[in-house]
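The next block is protein_19.cif, given as mmCIF, C-alpha atoms, pLDDT in the B column; chains and numbers go by the auth columns.
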data_query
#
loop_
_atom_site.group_PDB
_atom_site.id
_atom_site.type_symbol
_atom_site.label_atom_id
_atom_site.label_comp_id
_atom_site.label_asym_id
_atom_site.label_seq_id
_atom_site.Cartn_x
_atom_site.Cartn_y
_atom_site.Cartn_z
_atom_site.B_iso_or_equiv
_atom_site.auth_seq_id
_atom_site.auth_asym_id
ATOM 1 C CA MET A 1 59.220 41.881 -76.392 93.00 1193 F
ATOM 2 C CA MET A 2 58.522 39.433 -73.560 97.00 1194 F
ATOM 3 C CA THR A 3 59.413 40.324 -69.990 97.00 1195 F
ATOM 4 C CA ALA A 4 59.557 38.606 -66.628 97.00 1196 F
ATOM 5 C CA THR A 5 59.198 40.647 -63.456 95.00 1197 F
ATOM 6 C CA PHE A 6 59.421 39.678 -59.806 96.00 1198 F
ATOM 7 C CA GLN A 7 58.279 41.974 -56.999 94.00 1199 F
ATOM 8 C CA GLY A 8 57.995 44.781 -59.553 92.00 1200 F
ATOM 9 C CA GLN A 9 61.583 44.398 -60.736 94.00 1201 F
ATOM 10 C CA LEU A 10 62.477 43.396 -64.301 95.00 1202 F
ATOM 11 C CA ILE A 11 64.407 40.117 -64.225 96.00 1203 F
ATOM 12 C CA ALA A 12 64.311 39.087 -67.906 97.00 1204 F
ATOM 13 C CA ARG A 13 63.592 40.650 -71.293 97.00 1205 F
ATOM 14 C CA ALA A 14 63.750 39.032 -74.726 97.00 1206 F
ATOM 15 C CA GLU A 15 62.561 39.808 -78.231 96.00 1207 F
ATOM 16 C CA GLN A 16 61.882 36.124 -78.729 96.00 1208 F
ATOM 17 C CA THR A 17 61.145 33.295 -76.334 97.00 1209 F
ATOM 18 C CA ILE A 18 60.315 29.651 -76.920 97.00 1210 F
ATOM 19 C CA TYR A 19 56.699 29.082 -75.892 96.00 1211 F
ATOM 20 C CA LEU A 20 56.147 25.485 -74.884 94.00 1212 F
ATOM 21 C CA GLU A 21 53.535 23.832 -72.682 92.00 1213 F
ATOM 22 C CA GLY A 22 52.305 27.173 -71.338 94.00 1214 F
ATOM 23 C CA ASN A 23 55.770 28.511 -70.439 96.00 1215 F
ATOM 24 C CA HIS A 24 57.991 31.121 -72.060 97.00 1216 F
ATOM 25 C CA TYR A 25 61.617 29.995 -72.145 98.00 1217 F
ATOM 26 C CA PHE A 26 63.945 33.008 -72.179 98.00 1218 F
ATOM 27 C CA PRO A 27 67.409 32.866 -73.770 97.00 1219 F
ATOM 28 C CA PRO A 28 70.105 32.743 -71.056 93.00 1220 F
ATOM 29 C CA ASN A 29 71.495 36.178 -71.961 95.00 1221 F
ATOM 30 C CA ALA A 30 68.015 37.722 -71.475 96.00 1222 F
ATOM 31 C CA VAL A 31 68.010 37.077 -67.715 95.00 1223 F
ATOM 32 C CA GLU A 32 69.649 39.502 -65.297 88.00 1224 F
ATOM 33 C CA PRO A 33 72.617 37.529 -63.852 82.00 1225 F
ATOM 34 C CA PRO A 34 72.331 38.300 -60.120 90.00 1226 F
ATOM 35 C CA VAL A 35 68.667 37.284 -60.034 95.00 1227 F
ATOM 36 C CA LEU A 36 69.224 33.501 -60.156 96.00 1228 F
ATOM 37 C CA THR A 37 70.969 31.322 -57.593 96.00 1229 F
ATOM 38 C CA LYS A 38 71.494 27.574 -57.745 95.00 1230 F
ATOM 39 C CA SER A 39 69.103 25.078 -56.239 97.00 1231 F
ATOM 40 C CA TRP A 40 69.631 21.370 -55.672 97.00 1232 F
ATOM 41 C CA LEU A 41 66.178 20.521 -57.061 98.00 1233 F
ATOM 42 C CA ARG A 42 66.040 18.450 -60.251 97.00 1234 F
ATOM 43 C CA THR A 43 63.039 16.953 -62.025 97.00 1235 F
ATOM 44 C CA LEU A 44 62.722 14.623 -64.971 97.00 1236 F
ATOM 45 C CA CYS A 45 60.515 15.230 -67.983 94.00 1237 F
ATOM 46 C CA VAL A 46 60.241 12.142 -70.153 93.00 1238 F
ATOM 47 C CA TRP A 47 60.614 14.032 -73.413 92.00 1239 F
ATOM 48 C CA LYS A 48 62.637 17.142 -72.400 96.00 1240 F
ATOM 49 C CA GLY A 49 65.152 15.633 -69.983 96.00 1241 F
ATOM 50 C CA ILE A 50 66.394 16.728 -66.556 97.00 1242 F
ATOM 51 C CA ALA A 51 65.369 20.211 -65.417 97.00 1243 F
ATOM 52 C CA ARG A 52 67.651 22.108 -63.064 97.00 1244 F
ATOM 53 C CA TYR A 53 66.031 24.713 -60.845 98.00 1245 F
ATOM 54 C CA ARG A 54 67.145 28.089 -59.543 97.00 1246 F
ATOM 55 C CA HIS A 55 65.886 30.449 -56.870 98.00 1247 F
ATOM 56 C CA VAL A 56 64.781 33.914 -57.989 98.00 1248 F
ATOM 57 C CA SER A 57 65.759 36.935 -55.879 96.00 1249 F
ATOM 58 C CA ALA A 58 64.915 40.588 -56.472 93.00 1250 F
ATOM 59 C CA GLY A 59 63.894 43.595 -54.417 88.00 1251 F
ATOM 60 C CA GLY A 60 64.785 41.851 -51.179 92.00 1252 F
ATOM 61 C CA PHE A 61 62.435 38.934 -51.894 95.00 1253 F
ATOM 62 C CA ARG A 62 63.160 35.344 -52.863 97.00 1254 F
ATOM 63 C CA ALA A 63 61.086 32.663 -54.593 97.00 1255 F
ATOM 64 C CA SER A 64 62.498 29.172 -54.128 97.00 1256 F
ATOM 65 C CA ASN A 65 62.837 26.969 -57.207 98.00 1257 F
ATOM 66 C CA ALA A 66 60.981 29.533 -59.309 98.00 1258 F
ATOM 67 C CA ALA A 67 63.081 29.127 -62.479 98.00 1259 F
ATOM 68 C CA TRP A 68 64.258 26.094 -64.398 98.00 1260 F
ATOM 69 C CA SER A 69 66.209 25.148 -67.483 97.00 1261 F
ATOM 70 C CA TYR A 70 67.352 22.080 -69.395 97.00 1262 F
ATOM 71 C CA PRO A 71 71.164 22.250 -69.697 95.00 1263 F
ATOM 72 C CA LEU A 72 71.265 18.967 -71.657 95.00 1264 F
ATOM 73 C CA PRO A 73 67.809 18.416 -73.136 96.00 1265 F
ATOM 74 C CA THR A 74 66.855 15.354 -75.134 95.00 1266 F
ATOM 75 C CA PRO A 75 67.138 15.565 -78.933 95.00 1267 F
ATOM 76 C CA LEU A 76 63.378 16.218 -79.132 92.00 1268 F
ATOM 77 C CA ALA A 77 63.735 19.380 -77.039 94.00 1269 F
ATOM 78 C CA TRP A 78 67.206 20.506 -78.097 95.00 1270 F
ATOM 79 C CA GLN A 79 65.973 24.046 -78.880 96.00 1271 F
ATOM 80 C CA LEU A 80 65.427 24.572 -75.120 96.00 1272 F
ATOM 81 C CA LYS A 81 69.108 24.133 -74.249 96.00 1273 F
ATOM 82 C CA GLY A 82 70.011 26.725 -71.633 92.00 1274 F
ATOM 83 C CA HIS A 83 66.752 28.656 -71.966 97.00 1275 F
ATOM 84 C CA ILE A 84 65.123 29.638 -68.669 98.00 1276 F
ATOM 85 C CA ALA A 85 61.445 29.434 -67.727 98.00 1277 F
ATOM 86 C CA PHE A 86 59.767 30.912 -64.667 98.00 1278 F
ATOM 87 C CA ASP A 87 56.947 29.570 -62.523 96.00 1279 F
ATOM 88 C CA PRO A 88 54.056 32.095 -62.476 91.00 1280 F
ATOM 89 C CA ALA A 89 52.790 30.537 -59.215 93.00 1281 F
ATOM 90 C CA SER A 90 56.000 31.791 -57.545 95.00 1282 F
ATOM 91 C CA GLY A 91 55.098 35.416 -58.160 95.00 1283 F
ATOM 92 C CA VAL A 92 57.080 35.885 -61.383 97.00 1284 F
ATOM 93 C CA VAL A 93 54.912 37.750 -63.882 96.00 1285 F
ATOM 94 C CA ILE A 94 55.437 37.010 -67.583 97.00 1286 F
ATOM 95 C CA GLY A 95 53.993 39.384 -70.162 94.00 1287 F
ATOM 96 C CA GLU A 96 54.489 41.495 -73.221 91.00 1288 F
ATOM 97 C CA GLU A 97 56.304 44.747 -72.645 80.00 1289 F
ATOM 98 C CA GLY A 98 53.896 47.659 -72.524 69.00 1290 F
ATOM 99 C CA HIS A 99 50.850 45.504 -71.708 59.00 1291 F
#
For the structure just supplied, provide its representation as structure tokens.
Amino acid sequence: MMTATFQGQLIARAEQTIYLEGNHYFPPNAVEPPVLTKSWLRTLCVWKGIARYRHVSAGGFRASNAAWSYPLPTPLAWQLKGHIAFDPASGVVIGEEGH
């Protein structure tokens, strides 16, 4: 079971994630809904498509643009559709539950 925590608070938990390019992509239903808020930031990955970012908030803290997903990925990355990854540099800790 993979988890994501921010400021000591669990924000995502999934039995299975997609591990790609050093990031765990969590299924959308694995992320606690009130944790993410929309951001205007977008980036382009040549082979995955346009990433849309979200701010992460928990425990009274906020990390700007700390999560991203590919709502309409390219055919090469279709398995990522809607999955959410978190930026470890923002303070989000990804790990296996119990470790």
Separation of atom CA of F:Arg1254 from atom CA of F:Lys1240, in Å and rounded to one decimal: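 These atoms are spaced 26.7 Å apart.
Distance annotation: of F:Pro1226, F:Gly1214, F:Pro1219, F:Gly1241, the residue with the minimal separation from F:Thr1266 is F:Gly1241; atom set is all atoms listed in the file.
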Leaving out F:Ser1261 and any residue of its chain fewer than 5 positions from it, which residues lie within 6 Å of it when counting all atoms listed in the file, given as a tab-separated table (two decimals) with C-alpha atoms, keeping the file's coordinate frame?
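Here's the written file out-v1.tsv:
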chain	number	residue	atom	x	y	z
F	1243	ALA	CA	65.37	20.21	-65.42
F	1244	ARG	CA	67.65	22.11	-63.06
F	1274	GLY	CA	70.01	26.72	-71.63
F	1275	HIS	CA	66.75	28.66	-71.97
F	1276	ILE	CA	65.12	29.64	-68.67
Option closest in space to F:Tyr1262, from F:Ala1250, F:Gly1283, F:Met1193, F:Pro1220 [counting all atoms listed in the file]: F:Pro1220
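Separating atom CA of F:Tyr1245 from atom CA of F:Glu1289 is a distance of 25.2 Å.
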Which neighbours of stretch 1195-1206 of chain F fall inside 12 Å, counting all atoms listed in the file, when residues of the same chain fewer than 2 positions from it are skipped, and could you give them as a tab-separated table (two decimals) with C-alpha atoms, in the frame of the given file?
chain	number	residue	atom	x	y	z
F	1193	MET	CA	59.22	41.88	-76.39
F	1208	GLN	CA	61.88	36.12	-78.73
F	1209	THR	CA	61.14	33.30	-76.33
F	1210	ILE	CA	60.32	29.65	-76.92
F	1215	ASN	CA	55.77	28.51	-70.44
F	1216	HIS	CA	57.99	31.12	-72.06
F	1217	TYR	CA	61.62	30.00	-72.14
F	1218	PHE	CA	63.94	33.01	-72.18
F	1219	PRO	CA	67.41	32.87	-73.77
F	1220	PRO	CA	70.10	32.74	-71.06
F	1221	ASN	CA	71.50	36.18	-71.96
F	1222	ALA	CA	68.02	37.72	-71.47
F	1223	VAL	CA	68.01	37.08	-67.72
F	1224	GLU	CA	69.65	39.50	-65.30
F	1225	PRO	CA	72.62	37.53	-63.85
F	1226	PRO	CA	72.33	38.30	-60.12
F	1227	VAL	CA	68.67	37.28	-60.03
F	1228	LEU	CA	69.22	33.50	-60.16
F	1247	HIS	CA	65.89	30.45	-56.87
F	1248	VAL	CA	64.78	33.91	-57.99
F	1249	SER	CA	65.76	36.94	-55.88
F	1250	ALA	CA	64.92	40.59	-56.47
F	1251	GLY	CA	63.89	43.60	-54.42
F	1252	GLY	CA	64.78	41.85	-51.18
F	1253	PHE	CA	62.44	38.93	-51.89
F	1254	ARG	CA	63.16	35.34	-52.86
F	1255	ALA	CA	61.09	32.66	-54.59
F	1258	ALA	CA	60.98	29.53	-59.31
F	1259	ALA	CA	63.08	29.13	-62.48
F	1275	HIS	CA	66.75	28.66	-71.97
F	1276	ILE	CA	65.12	29.64	-68.67
F	1277	ALA	CA	61.44	29.43	-67.73
F	1278	PHE	CA	59.77	30.91	-64.67
F	1279	ASP	CA	56.95	29.57	-62.52
F	1280	PRO	CA	54.06	32.10	-62.48
F	1281	ALA	CA	52.79	30.54	-59.22
F	1282	SER	CA	56.00	31.79	-57.54
F	1283	GLY	CA	55.10	35.42	-58.16
F	1284	VAL	CA	57.08	35.88	-61.38
F	1285	VAL	CA	54.91	37.75	-63.88
F	1286	ILE	CA	55.44	37.01	-67.58
F	1287	GLY	CA	53.99	39.38	-70.16
F	1288	GLU	CA	54.49	41.50	-73.22
F	1289	GLU	CA	56.30	44.75	-72.64
F	1290	GLY	CA	53.90	47.66	-72.52
F	1291	HIS	CA	50.85	45.50	-71.71
Gap from atom CA of F:Lys1230 to atom CA of F:Gln1271 - Å, one decimal: 22.1 Å
Box in all listed atoms of stretch 1239-1258 of chain F, axis-aligned, with 8 Å more on each side; write out centre and edge lengths in Å to one decimal as JSON.
{"center_x": 64.1, "center_y": 28.8, "center_z": -62.3, "size_x": 23.0, "size_y": 45.6, "size_z": 38.2}
Residue among F:Met1194, F:Trp1239, F:Glu1213, F:Glu1207 lying closest to F:Trp1270, counting all atoms listed in the file: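 Ranking F:Met1194, F:Trp1239, F:Glu1213, F:Glu1207 by distance to F:Trp1270, first place goes to F:Trp1239.
Shortest separation to F:Leu1264 among F:Arg1246, F:Leu1236, F:Leu1212, F:Thr1229 occurs at residue F:Leu1236, atoms counted being all atoms listed in the file.
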